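File shown: target-v7.cif (mmCIF, N, CA and C atoms).
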data_structure
loop_
_atom_site.label_atom_id
_atom_site.label_comp_id
_atom_site.auth_asym_id
_atom_site.auth_seq_id
_atom_site.Cartn_x
_atom_site.Cartn_y
_atom_site.Cartn_z
N MET A 1 0.83 -1.17 0.00
CA MET A 1 0.00 0.00 0.00
C MET A 1 0.88 1.24 0.00
N ASP A 2 0.52 2.22 -0.82
CA ASP A 2 1.32 3.44 -0.93
C ASP A 2 1.12 4.30 0.30
N SER A 3 2.17 5.01 0.66
CA SER A 3 2.09 5.90 1.81
C SER A 3 2.70 7.23 1.42
N ASP A 4 2.06 8.30 1.82
CA ASP A 4 2.60 9.62 1.56
C ASP A 4 3.67 9.89 2.60
N ARG A 5 4.91 10.03 2.15
CA ARG A 5 6.03 10.18 3.08
C ARG A 5 6.07 11.57 3.71
N ARG A 6 5.39 12.54 3.08
CA ARG A 6 5.45 13.90 3.61
C ARG A 6 4.48 14.09 4.78
N SER A 7 3.49 13.21 4.95
CA SER A 7 2.53 13.38 6.04
C SER A 7 3.12 12.82 7.33
N ALA A 8 2.64 13.33 8.41
CA ALA A 8 3.13 12.87 9.72
C ALA A 8 2.62 11.47 10.00
N GLN A 9 3.46 10.69 10.59
CA GLN A 9 3.08 9.33 10.94
C GLN A 9 2.25 9.36 12.22
N VAL A 10 1.26 8.51 12.27
CA VAL A 10 0.43 8.41 13.46
C VAL A 10 1.19 7.58 14.48
N GLU A 11 1.47 8.17 15.60
CA GLU A 11 2.21 7.46 16.63
C GLU A 11 1.28 6.81 17.64
N ARG A 12 0.16 7.46 17.88
CA ARG A 12 -0.75 6.94 18.89
C ARG A 12 -2.17 7.12 18.39
N LEU A 13 -2.96 6.11 18.47
CA LEU A 13 -4.36 6.18 18.06
C LEU A 13 -5.20 5.81 19.26
N GLU A 14 -6.09 6.70 19.63
CA GLU A 14 -6.93 6.46 20.80
C GLU A 14 -8.37 6.25 20.35
N VAL A 15 -9.00 5.21 20.82
CA VAL A 15 -10.39 4.92 20.50
C VAL A 15 -11.21 5.30 21.71
N VAL A 16 -12.18 6.16 21.48
CA VAL A 16 -13.03 6.63 22.56
C VAL A 16 -14.38 5.95 22.43
N ASP A 17 -14.83 5.33 23.48
CA ASP A 17 -16.13 4.66 23.46
C ASP A 17 -17.21 5.69 23.73
N THR A 18 -18.11 5.86 22.76
CA THR A 18 -19.17 6.86 22.92
C THR A 18 -20.42 6.25 23.53
N GLY A 19 -20.36 5.02 23.86
CA GLY A 19 -21.53 4.38 24.45
C GLY A 19 -22.26 3.55 23.43
N ARG A 20 -23.18 2.81 23.91
CA ARG A 20 -23.96 1.96 23.02
C ARG A 20 -25.21 2.69 22.57
N ARG A 21 -25.81 2.14 21.53
CA ARG A 21 -27.08 2.71 21.07
C ARG A 21 -28.13 2.53 22.14
N ARG A 22 -28.89 3.56 22.31
CA ARG A 22 -30.00 3.44 23.26
C ARG A 22 -31.17 2.77 22.59
N ARG A 23 -31.85 1.98 23.30
CA ARG A 23 -33.06 1.34 22.81
C ARG A 23 -34.22 1.92 23.60
N TRP A 24 -35.10 2.60 22.89
CA TRP A 24 -36.26 3.22 23.53
C TRP A 24 -37.43 2.27 23.40
N SER A 25 -38.13 2.05 24.50
CA SER A 25 -39.33 1.22 24.44
C SER A 25 -40.45 2.05 23.80
N GLU A 26 -41.49 1.38 23.36
CA GLU A 26 -42.63 2.08 22.75
C GLU A 26 -43.27 3.05 23.76
N ASP A 27 -43.33 2.67 25.02
CA ASP A 27 -43.91 3.54 26.05
C ASP A 27 -43.06 4.80 26.24
N GLU A 28 -41.73 4.63 26.25
CA GLU A 28 -40.86 5.79 26.39
C GLU A 28 -40.98 6.72 25.18
N LYS A 29 -41.03 6.14 24.00
CA LYS A 29 -41.20 6.94 22.79
C LYS A 29 -42.51 7.72 22.84
N LEU A 30 -43.58 7.05 23.24
CA LEU A 30 -44.89 7.70 23.30
C LEU A 30 -44.87 8.85 24.30
N LYS A 31 -44.22 8.64 25.44
CA LYS A 31 -44.13 9.70 26.46
C LYS A 31 -43.38 10.91 25.90
N ILE A 32 -42.28 10.69 25.16
CA ILE A 32 -41.50 11.78 24.59
C ILE A 32 -42.29 12.49 23.50
N VAL A 33 -42.99 11.71 22.67
CA VAL A 33 -43.81 12.31 21.60
C VAL A 33 -44.92 13.15 22.19
N LEU A 34 -45.60 12.65 23.20
CA LEU A 34 -46.69 13.42 23.82
C LEU A 34 -46.17 14.70 24.45
N GLU A 35 -44.98 14.65 25.04
CA GLU A 35 -44.39 15.85 25.62
C GLU A 35 -44.05 16.86 24.53
N SER A 36 -43.61 16.39 23.37
CA SER A 36 -43.27 17.32 22.29
C SER A 36 -44.51 17.96 21.68
N LEU A 37 -45.68 17.35 21.88
CA LEU A 37 -46.92 17.89 21.34
C LEU A 37 -47.64 18.84 22.30
N GLN A 38 -47.11 19.04 23.50
CA GLN A 38 -47.79 19.84 24.51
C GLN A 38 -47.96 21.29 24.12
N ALA A 39 -46.97 21.89 23.50
CA ALA A 39 -47.05 23.30 23.13
C ALA A 39 -46.36 23.48 21.78
N PRO A 40 -46.65 24.58 21.11
CA PRO A 40 -46.00 24.82 19.82
C PRO A 40 -44.48 24.95 19.98
N ARG A 41 -43.76 24.53 18.97
CA ARG A 41 -42.30 24.64 18.89
C ARG A 41 -41.60 23.93 20.04
N GLN A 42 -42.08 22.77 20.43
CA GLN A 42 -41.45 22.02 21.51
C GLN A 42 -40.58 20.87 21.02
N VAL A 43 -40.47 20.68 19.71
CA VAL A 43 -39.72 19.53 19.20
C VAL A 43 -38.25 19.63 19.56
N ALA A 44 -37.62 20.77 19.28
CA ALA A 44 -36.19 20.91 19.54
C ALA A 44 -35.89 20.84 21.04
N ALA A 45 -36.70 21.51 21.84
CA ALA A 45 -36.46 21.51 23.29
C ALA A 45 -36.63 20.10 23.87
N THR A 46 -37.65 19.39 23.43
CA THR A 46 -37.88 18.04 23.93
C THR A 46 -36.76 17.11 23.46
N ALA A 47 -36.34 17.26 22.22
CA ALA A 47 -35.25 16.42 21.71
C ALA A 47 -33.97 16.65 22.50
N ARG A 48 -33.65 17.90 22.80
CA ARG A 48 -32.46 18.19 23.61
C ARG A 48 -32.58 17.59 25.01
N ARG A 49 -33.76 17.70 25.61
CA ARG A 49 -33.96 17.21 26.97
C ARG A 49 -33.70 15.71 27.07
N TYR A 50 -34.07 14.95 26.04
CA TYR A 50 -33.90 13.50 26.08
C TYR A 50 -32.68 13.02 25.31
N GLY A 51 -31.93 13.93 24.70
CA GLY A 51 -30.70 13.56 24.01
C GLY A 51 -30.93 12.81 22.72
N VAL A 52 -31.99 13.14 22.01
CA VAL A 52 -32.25 12.54 20.70
C VAL A 52 -32.24 13.64 19.66
N SER A 53 -32.08 13.27 18.41
CA SER A 53 -32.08 14.28 17.36
C SER A 53 -33.51 14.68 17.02
N ARG A 54 -33.65 15.88 16.48
CA ARG A 54 -34.99 16.36 16.10
C ARG A 54 -35.60 15.47 15.03
N SER A 55 -34.77 15.02 14.08
CA SER A 55 -35.30 14.19 13.00
C SER A 55 -35.83 12.86 13.53
N LEU A 56 -35.15 12.29 14.54
CA LEU A 56 -35.65 11.05 15.14
C LEU A 56 -36.97 11.30 15.85
N LEU A 57 -37.06 12.40 16.58
CA LEU A 57 -38.30 12.72 17.28
C LEU A 57 -39.44 12.96 16.28
N LEU A 58 -39.15 13.63 15.17
CA LEU A 58 -40.19 13.84 14.15
C LEU A 58 -40.61 12.52 13.51
N ARG A 59 -39.67 11.59 13.33
CA ARG A 59 -40.02 10.28 12.81
C ARG A 59 -40.93 9.53 13.79
N TRP A 60 -40.64 9.63 15.08
CA TRP A 60 -41.50 9.00 16.09
C TRP A 60 -42.89 9.63 16.06
N ARG A 61 -42.95 10.96 15.90
CA ARG A 61 -44.26 11.62 15.86
C ARG A 61 -45.08 11.14 14.67
N ARG A 62 -44.43 10.98 13.52
CA ARG A 62 -45.15 10.47 12.34
C ARG A 62 -45.63 9.05 12.56
N SER A 63 -44.82 8.23 13.22
CA SER A 63 -45.22 6.83 13.40
C SER A 63 -46.36 6.70 14.41
N PHE A 64 -46.49 7.65 15.34
CA PHE A 64 -47.58 7.59 16.31
C PHE A 64 -48.82 8.36 15.85
N ARG A 65 -48.73 9.01 14.68
CA ARG A 65 -49.88 9.76 14.16
C ARG A 65 -50.99 8.78 13.80
N PRO A 66 -52.22 9.08 14.19
CA PRO A 66 -53.32 8.17 13.86
C PRO A 66 -53.58 8.14 12.36
N GLU A 67 -53.99 7.00 11.88
CA GLU A 67 -54.32 6.83 10.46
C GLU A 67 -55.60 7.60 10.15
N PRO A 68 -55.71 8.22 8.98
CA PRO A 68 -56.95 8.93 8.63
C PRO A 68 -58.09 7.93 8.48
N LYS A 69 -59.19 8.23 9.16
CA LYS A 69 -60.34 7.33 9.13
C LYS A 69 -61.27 7.68 7.98
N ASP A 70 -61.29 8.95 7.59
CA ASP A 70 -62.20 9.39 6.55
C ASP A 70 -61.42 9.53 5.24
N THR A 71 -61.46 8.52 4.40
CA THR A 71 -60.74 8.58 3.14
C THR A 71 -61.50 9.38 2.09
N ALA A 72 -62.75 9.74 2.36
CA ALA A 72 -63.54 10.51 1.40
C ALA A 72 -63.00 11.94 1.27
N ARG A 73 -62.28 12.46 2.26
CA ARG A 73 -61.78 13.82 2.22
C ARG A 73 -60.48 13.93 1.42
N GLN A 74 -59.85 12.80 1.10
CA GLN A 74 -58.60 12.85 0.36
C GLN A 74 -58.89 13.13 -1.11
N PRO A 75 -58.07 13.98 -1.75
CA PRO A 75 -58.33 14.31 -3.15
C PRO A 75 -58.09 13.10 -4.04
N GLY A 76 -58.79 13.07 -5.13
CA GLY A 76 -58.64 11.97 -6.07
C GLY A 76 -59.58 12.17 -7.24
N PHE A 77 -59.66 11.18 -8.09
CA PHE A 77 -60.52 11.25 -9.26
C PHE A 77 -61.92 10.78 -8.90
N VAL A 78 -62.89 11.44 -9.49
CA VAL A 78 -64.29 11.09 -9.30
C VAL A 78 -64.84 10.70 -10.65
N PRO A 79 -65.47 9.53 -10.75
CA PRO A 79 -66.03 9.16 -12.05
C PRO A 79 -67.18 10.09 -12.42
N ALA A 80 -67.22 10.51 -13.68
CA ALA A 80 -68.29 11.38 -14.16
C ALA A 80 -69.14 10.60 -15.16
N MET A 81 -70.42 10.93 -15.22
CA MET A 81 -71.32 10.25 -16.14
C MET A 81 -72.12 11.31 -16.89
N VAL A 82 -72.18 11.17 -18.21
CA VAL A 82 -72.95 12.08 -19.05
C VAL A 82 -74.31 11.44 -19.27
N VAL A 83 -75.37 12.19 -18.96
CA VAL A 83 -76.72 11.66 -19.10
C VAL A 83 -77.46 12.45 -20.18
N ALA A 84 -78.48 11.84 -20.73
CA ALA A 84 -79.29 12.49 -21.76
C ALA A 84 -80.08 13.65 -21.16
N GLU A 85 -80.64 14.48 -22.04
CA GLU A 85 -81.40 15.65 -21.62
C GLU A 85 -82.56 15.27 -20.70
N SER A 86 -83.17 14.11 -20.93
CA SER A 86 -84.32 13.72 -20.12
C SER A 86 -83.92 13.01 -18.83
N GLY A 87 -82.62 12.92 -18.57
CA GLY A 87 -82.13 12.23 -17.38
C GLY A 87 -82.40 13.03 -16.12
N PRO A 88 -81.96 12.52 -15.00
CA PRO A 88 -82.17 13.22 -13.73
C PRO A 88 -81.39 14.54 -13.71
N PRO A 89 -81.82 15.50 -12.92
CA PRO A 89 -81.14 16.80 -12.87
C PRO A 89 -79.74 16.65 -12.26
N CYS A 90 -78.88 17.59 -12.64
CA CYS A 90 -77.52 17.58 -12.10
C CYS A 90 -77.57 17.90 -10.61
N PRO A 91 -76.89 17.12 -9.80
CA PRO A 91 -76.84 17.46 -8.38
C PRO A 91 -75.95 18.68 -8.18
N VAL A 92 -76.31 19.51 -7.24
CA VAL A 92 -75.54 20.70 -6.94
C VAL A 92 -74.88 20.46 -5.59
N ALA A 93 -73.56 20.72 -5.54
CA ALA A 93 -72.81 20.50 -4.30
C ALA A 93 -73.23 21.52 -3.25
N PRO A 94 -73.12 21.17 -1.98
CA PRO A 94 -73.44 22.13 -0.92
C PRO A 94 -72.49 23.32 -0.95
N ALA A 95 -72.90 24.42 -0.37
CA ALA A 95 -72.12 25.66 -0.41
C ALA A 95 -70.77 25.52 0.28
N SER A 96 -70.61 24.58 1.20
CA SER A 96 -69.35 24.45 1.91
C SER A 96 -68.31 23.70 1.10
N SER A 97 -68.70 23.14 -0.05
CA SER A 97 -67.76 22.37 -0.86
C SER A 97 -66.74 23.31 -1.49
N GLY A 98 -65.48 22.98 -1.37
CA GLY A 98 -64.43 23.81 -1.92
C GLY A 98 -63.68 23.12 -3.03
N GLY A 99 -64.26 22.11 -3.65
CA GLY A 99 -63.58 21.35 -4.68
C GLY A 99 -63.57 22.07 -6.01
N SER A 100 -62.92 21.47 -6.98
CA SER A 100 -62.89 22.03 -8.32
C SER A 100 -62.95 20.89 -9.32
N ILE A 101 -63.39 21.20 -10.53
CA ILE A 101 -63.47 20.23 -11.60
C ILE A 101 -62.96 20.89 -12.86
N GLU A 102 -62.28 20.11 -13.69
CA GLU A 102 -61.76 20.62 -14.95
C GLU A 102 -62.30 19.74 -16.06
N ILE A 103 -62.89 20.37 -17.08
CA ILE A 103 -63.47 19.65 -18.21
C ILE A 103 -62.69 20.04 -19.45
N GLU A 104 -62.18 19.04 -20.18
CA GLU A 104 -61.45 19.30 -21.41
C GLU A 104 -62.28 18.76 -22.57
N PHE A 105 -62.56 19.63 -23.54
CA PHE A 105 -63.39 19.27 -24.67
C PHE A 105 -62.51 18.77 -25.82
N ALA A 106 -63.13 18.05 -26.76
CA ALA A 106 -62.39 17.47 -27.88
C ALA A 106 -61.76 18.54 -28.75
N ALA A 107 -62.35 19.71 -28.83
CA ALA A 107 -61.83 20.80 -29.66
C ALA A 107 -60.61 21.46 -29.04
N GLY A 108 -60.24 21.06 -27.83
CA GLY A 108 -59.08 21.63 -27.17
C GLY A 108 -59.41 22.66 -26.12
N ALA A 109 -60.67 23.06 -26.02
CA ALA A 109 -61.07 24.03 -25.00
C ALA A 109 -61.08 23.34 -23.64
N ARG A 110 -60.83 24.12 -22.62
CA ARG A 110 -60.79 23.59 -21.26
C ARG A 110 -61.58 24.51 -20.35
N MET A 111 -62.37 23.92 -19.45
CA MET A 111 -63.16 24.69 -18.50
C MET A 111 -62.83 24.22 -17.09
N ARG A 112 -62.52 25.17 -16.20
CA ARG A 112 -62.24 24.84 -14.81
C ARG A 112 -63.29 25.51 -13.94
N ILE A 113 -63.95 24.72 -13.09
CA ILE A 113 -65.00 25.22 -12.22
C ILE A 113 -64.53 25.01 -10.79
N THR A 114 -64.45 26.09 -10.03
CA THR A 114 -64.02 26.02 -8.64
C THR A 114 -65.17 26.44 -7.74
N GLY A 115 -65.37 25.69 -6.68
CA GLY A 115 -66.45 26.01 -5.76
C GLY A 115 -67.77 25.48 -6.26
N THR A 116 -68.85 26.18 -5.95
CA THR A 116 -70.18 25.73 -6.34
C THR A 116 -70.74 26.61 -7.43
N VAL A 117 -71.58 26.03 -8.25
CA VAL A 117 -72.25 26.76 -9.32
C VAL A 117 -73.61 26.10 -9.54
N ASP A 118 -74.59 26.89 -9.89
CA ASP A 118 -75.91 26.30 -10.10
C ASP A 118 -75.93 25.53 -11.41
N ALA A 119 -76.81 24.56 -11.51
CA ALA A 119 -76.87 23.64 -12.64
C ALA A 119 -77.17 24.36 -13.95
N ALA A 120 -78.02 25.37 -13.95
CA ALA A 120 -78.38 26.07 -15.18
C ALA A 120 -77.19 26.81 -15.77
N THR A 121 -76.43 27.49 -14.94
CA THR A 121 -75.25 28.22 -15.40
C THR A 121 -74.21 27.26 -15.96
N LEU A 122 -73.99 26.14 -15.27
CA LEU A 122 -73.04 25.14 -15.73
C LEU A 122 -73.45 24.55 -17.07
N LYS A 123 -74.73 24.26 -17.20
CA LYS A 123 -75.25 23.68 -18.44
C LYS A 123 -75.06 24.66 -19.61
N ALA A 124 -75.34 25.95 -19.38
CA ALA A 124 -75.19 26.96 -20.44
C ALA A 124 -73.72 27.13 -20.83
N ALA A 125 -72.81 27.11 -19.85
CA ALA A 125 -71.38 27.27 -20.15
C ALA A 125 -70.86 26.07 -20.92
N VAL A 126 -71.25 24.87 -20.55
CA VAL A 126 -70.81 23.67 -21.25
C VAL A 126 -71.35 23.66 -22.68
N ALA A 127 -72.60 24.05 -22.85
CA ALA A 127 -73.20 24.10 -24.19
C ALA A 127 -72.47 25.11 -25.07
N ALA A 128 -72.13 26.27 -24.50
CA ALA A 128 -71.44 27.30 -25.28
C ALA A 128 -70.03 26.84 -25.67
N LEU A 129 -69.33 26.16 -24.79
CA LEU A 129 -68.02 25.65 -25.11
C LEU A 129 -68.09 24.52 -26.14
N ALA A 130 -69.09 23.67 -26.00
CA ALA A 130 -69.22 22.55 -26.94
C ALA A 130 -69.55 23.04 -28.35
N ASP A 131 -70.32 24.12 -28.45
CA ASP A 131 -70.69 24.68 -29.76
C ASP A 131 -69.57 25.54 -30.35
N GLY A 132 -68.59 25.89 -29.56
CA GLY A 132 -67.50 26.73 -30.04
C GLY A 132 -67.78 28.21 -29.94
N ARG A 133 -68.83 28.60 -29.23
CA ARG A 133 -69.16 30.02 -29.09
C ARG A 133 -68.29 30.70 -28.07
N LEU A 134 -67.75 29.95 -27.14
CA LEU A 134 -66.92 30.52 -26.07
C LEU A 134 -65.49 30.04 -26.26
N ARG A 135 -64.54 30.90 -26.15
CA ARG A 135 -63.12 30.49 -26.26
C ARG A 135 -62.34 31.07 -25.13
#

Would you write out, as structure tokens, the structure that this file holds?
Amino acid sequence: MDSDRRSAQVERLEVVDTGRRRRWSEDEKLKIVLESLQAPRQVAATARRYGVSRSLLLRWRRSFRPEPKDTARQPGFVPAMVVAESGPPCPVAPASSGGSIEIEFAAGARMRITGTVDAATLKAAVAALADGRLR
């Protein structure tokens, strides 16, 4: 093995034992996580108090976070169905709905609807875009 002759030779090498890895029980982790959730901006202070890194404490917080029970609130695709003129009326979303929908027509026009709109206005806008009167 090559050695750089200009560098100083190591005469003494000291190995310092930093201790073993700590093993935290689930109860101890839960206690630390609950303490970090007591007040805003307590992650760093709690991590210092117990001698763990902030990233480890944040990972514990994520692992103890409850799973979402209501999957209906998560964004995603909603199947749409086109019905004939004599079909049932279009349902109108409640006023508290904050969703949006985007409709892309074959001619390249695109319509984005945010919030709520009454069925008559929506029907007139779609008809105007489909006929090419609106650009």

*I need the residue set behind the PyMOL selection byres (((chain A and resi 52-58 and name CA) around 12) and name CA) for this file; please write it as a ChimeraX atom specification.*
/A:21-24,28-37,41-51,59-65

*Could you check how far atom N of A:Thr116 sits from atom N of A:Asp131, in Å to one decimal?*
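So the two atoms, atom N of A:Thr116 and atom N of A:Asp131, lie 22.6 Å apart.
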
*What does the PyMOL selection byres ((chain A and resi 114) around 5) select in this file, as a list in words?*
Gly99, Ser100, Arg112, Ile113, Gly115 and Thr116 of chain A

Write the selection just made, keeping N, CA and C atoms, as a short mmCIF file (atom, residue, chain, number, x, y, z; two decimals), in the frame of the given file?
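Output file selection_22.cif follows:
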data_model
loop_
_atom_site.label_atom_id
_atom_site.label_comp_id
_atom_site.auth_asym_id
_atom_site.auth_seq_id
_atom_site.Cartn_x
_atom_site.Cartn_y
_atom_site.Cartn_z
N GLY A 99 -64.26 22.11 -3.65
CA GLY A 99 -63.58 21.35 -4.68
C GLY A 99 -63.57 22.07 -6.01
N SER A 100 -62.92 21.47 -6.98
CA SER A 100 -62.89 22.03 -8.32
C SER A 100 -62.95 20.89 -9.32
N ARG A 112 -62.52 25.17 -16.20
CA ARG A 112 -62.24 24.84 -14.81
C ARG A 112 -63.29 25.51 -13.94
N ILE A 113 -63.95 24.72 -13.09
CA ILE A 113 -65.00 25.22 -12.22
C ILE A 113 -64.53 25.01 -10.79
N GLY A 115 -65.37 25.69 -6.68
CA GLY A 115 -66.45 26.01 -5.76
C GLY A 115 -67.77 25.48 -6.26
N THR A 116 -68.85 26.18 -5.95
CA THR A 116 -70.18 25.73 -6.34
C THR A 116 -70.74 26.61 -7.43
#

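Across the model, the gap from atom CA of A:Ala80 to atom CA of A:Ile101 is 10.4 Å.
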
*asked:* Between atom CA of A:Ile103 and atom C of A:Val126, what is the distance in Å, rounded to a tenth?
replied: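 Answer for the atom CA of A:Ile103 to atom C of A:Val126 separation: 9.9 Å.
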
Output of stretch 45-58 of chain A limited to N, CA, C and O atoms, as an mmCIF file, in the first residue's frame:
data_model
loop_
_atom_site.group_PDB
_atom_site.id
_atom_site.type_symbol
_atom_site.label_atom_id
_atom_site.label_comp_id
_atom_site.auth_asym_id
_atom_site.auth_seq_id
_atom_site.Cartn_x
_atom_site.Cartn_y
_atom_site.Cartn_z
ATOM 1 N N ALA A 45 -36.697 21.511 21.843
ATOM 2 C CA ALA A 45 -36.461 21.506 23.292
ATOM 3 C C ALA A 45 -36.634 20.105 23.872
ATOM 4 O O ALA A 45 -35.826 19.663 24.699
ATOM 5 N N THR A 46 -37.651 19.389 23.431
ATOM 6 C CA THR A 46 -37.878 18.035 23.926
ATOM 7 C C THR A 46 -36.765 17.108 23.456
ATOM 8 O O THR A 46 -36.295 16.262 24.225
ATOM 9 N N ALA A 47 -36.337 17.261 22.222
ATOM 10 C CA ALA A 47 -35.254 16.419 21.710
ATOM 11 C C ALA A 47 -33.969 16.648 22.504
ATOM 12 O O ALA A 47 -33.278 15.685 22.857
ATOM 13 N N ARG A 48 -33.648 17.898 22.805
ATOM 14 C CA ARG A 48 -32.457 18.190 23.614
ATOM 15 C C ARG A 48 -32.577 17.592 25.007
ATOM 16 O O ARG A 48 -31.620 17.059 25.552
ATOM 17 N N ARG A 49 -33.761 17.703 25.610
ATOM 18 C CA ARG A 49 -33.965 17.208 26.967
ATOM 19 C C ARG A 49 -33.695 15.709 27.067
ATOM 20 O O ARG A 49 -33.138 15.230 28.052
ATOM 21 N N TYR A 50 -34.068 14.953 26.037
ATOM 22 C CA TYR A 50 -33.903 13.502 26.078
ATOM 23 C C TYR A 50 -32.675 13.024 25.311
ATOM 24 O O TYR A 50 -32.420 11.822 25.256
ATOM 25 N N GLY A 51 -31.928 13.933 24.704
ATOM 26 C CA GLY A 51 -30.699 13.560 24.015
ATOM 27 C C GLY A 51 -30.925 12.809 22.716
ATOM 28 O O GLY A 51 -30.136 11.933 22.363
ATOM 29 N N VAL A 52 -31.995 13.145 22.009
ATOM 30 C CA VAL A 52 -32.251 12.539 20.697
ATOM 31 C C VAL A 52 -32.235 13.645 19.657
ATOM 32 O O VAL A 52 -32.381 14.826 19.977
ATOM 33 N N SER A 53 -32.079 13.274 18.411
ATOM 34 C CA SER A 53 -32.080 14.284 17.356
ATOM 35 C C SER A 53 -33.514 14.683 17.024
ATOM 36 O O SER A 53 -34.459 13.922 17.259
ATOM 37 N N ARG A 54 -33.649 15.885 16.479
ATOM 38 C CA ARG A 54 -34.985 16.355 16.102
ATOM 39 C C ARG A 54 -35.599 15.474 15.026
ATOM 40 O O ARG A 54 -36.788 15.198 15.036
ATOM 41 N N SER A 55 -34.766 15.023 14.085
ATOM 42 C CA SER A 55 -35.298 14.188 13.002
ATOM 43 C C SER A 55 -35.831 12.859 13.531
ATOM 44 O O SER A 55 -36.842 12.355 13.054
ATOM 45 N N LEU A 56 -35.154 12.289 14.542
ATOM 46 C CA LEU A 56 -35.649 11.054 15.136
ATOM 47 C C LEU A 56 -36.969 11.296 15.855
ATOM 48 O O LEU A 56 -37.917 10.509 15.731
ATOM 49 N N LEU A 57 -37.060 12.405 16.581
ATOM 50 C CA LEU A 57 -38.304 12.721 17.275
ATOM 51 C C LEU A 57 -39.442 12.956 16.282
ATOM 52 O O LEU A 57 -40.571 12.505 16.488
ATOM 53 N N LEU A 58 -39.155 13.629 15.167
ATOM 54 C CA LEU A 58 -40.187 13.841 14.152
ATOM 55 C C LEU A 58 -40.609 12.522 13.513
ATOM 56 O O LEU A 58 -41.781 12.322 13.201
#
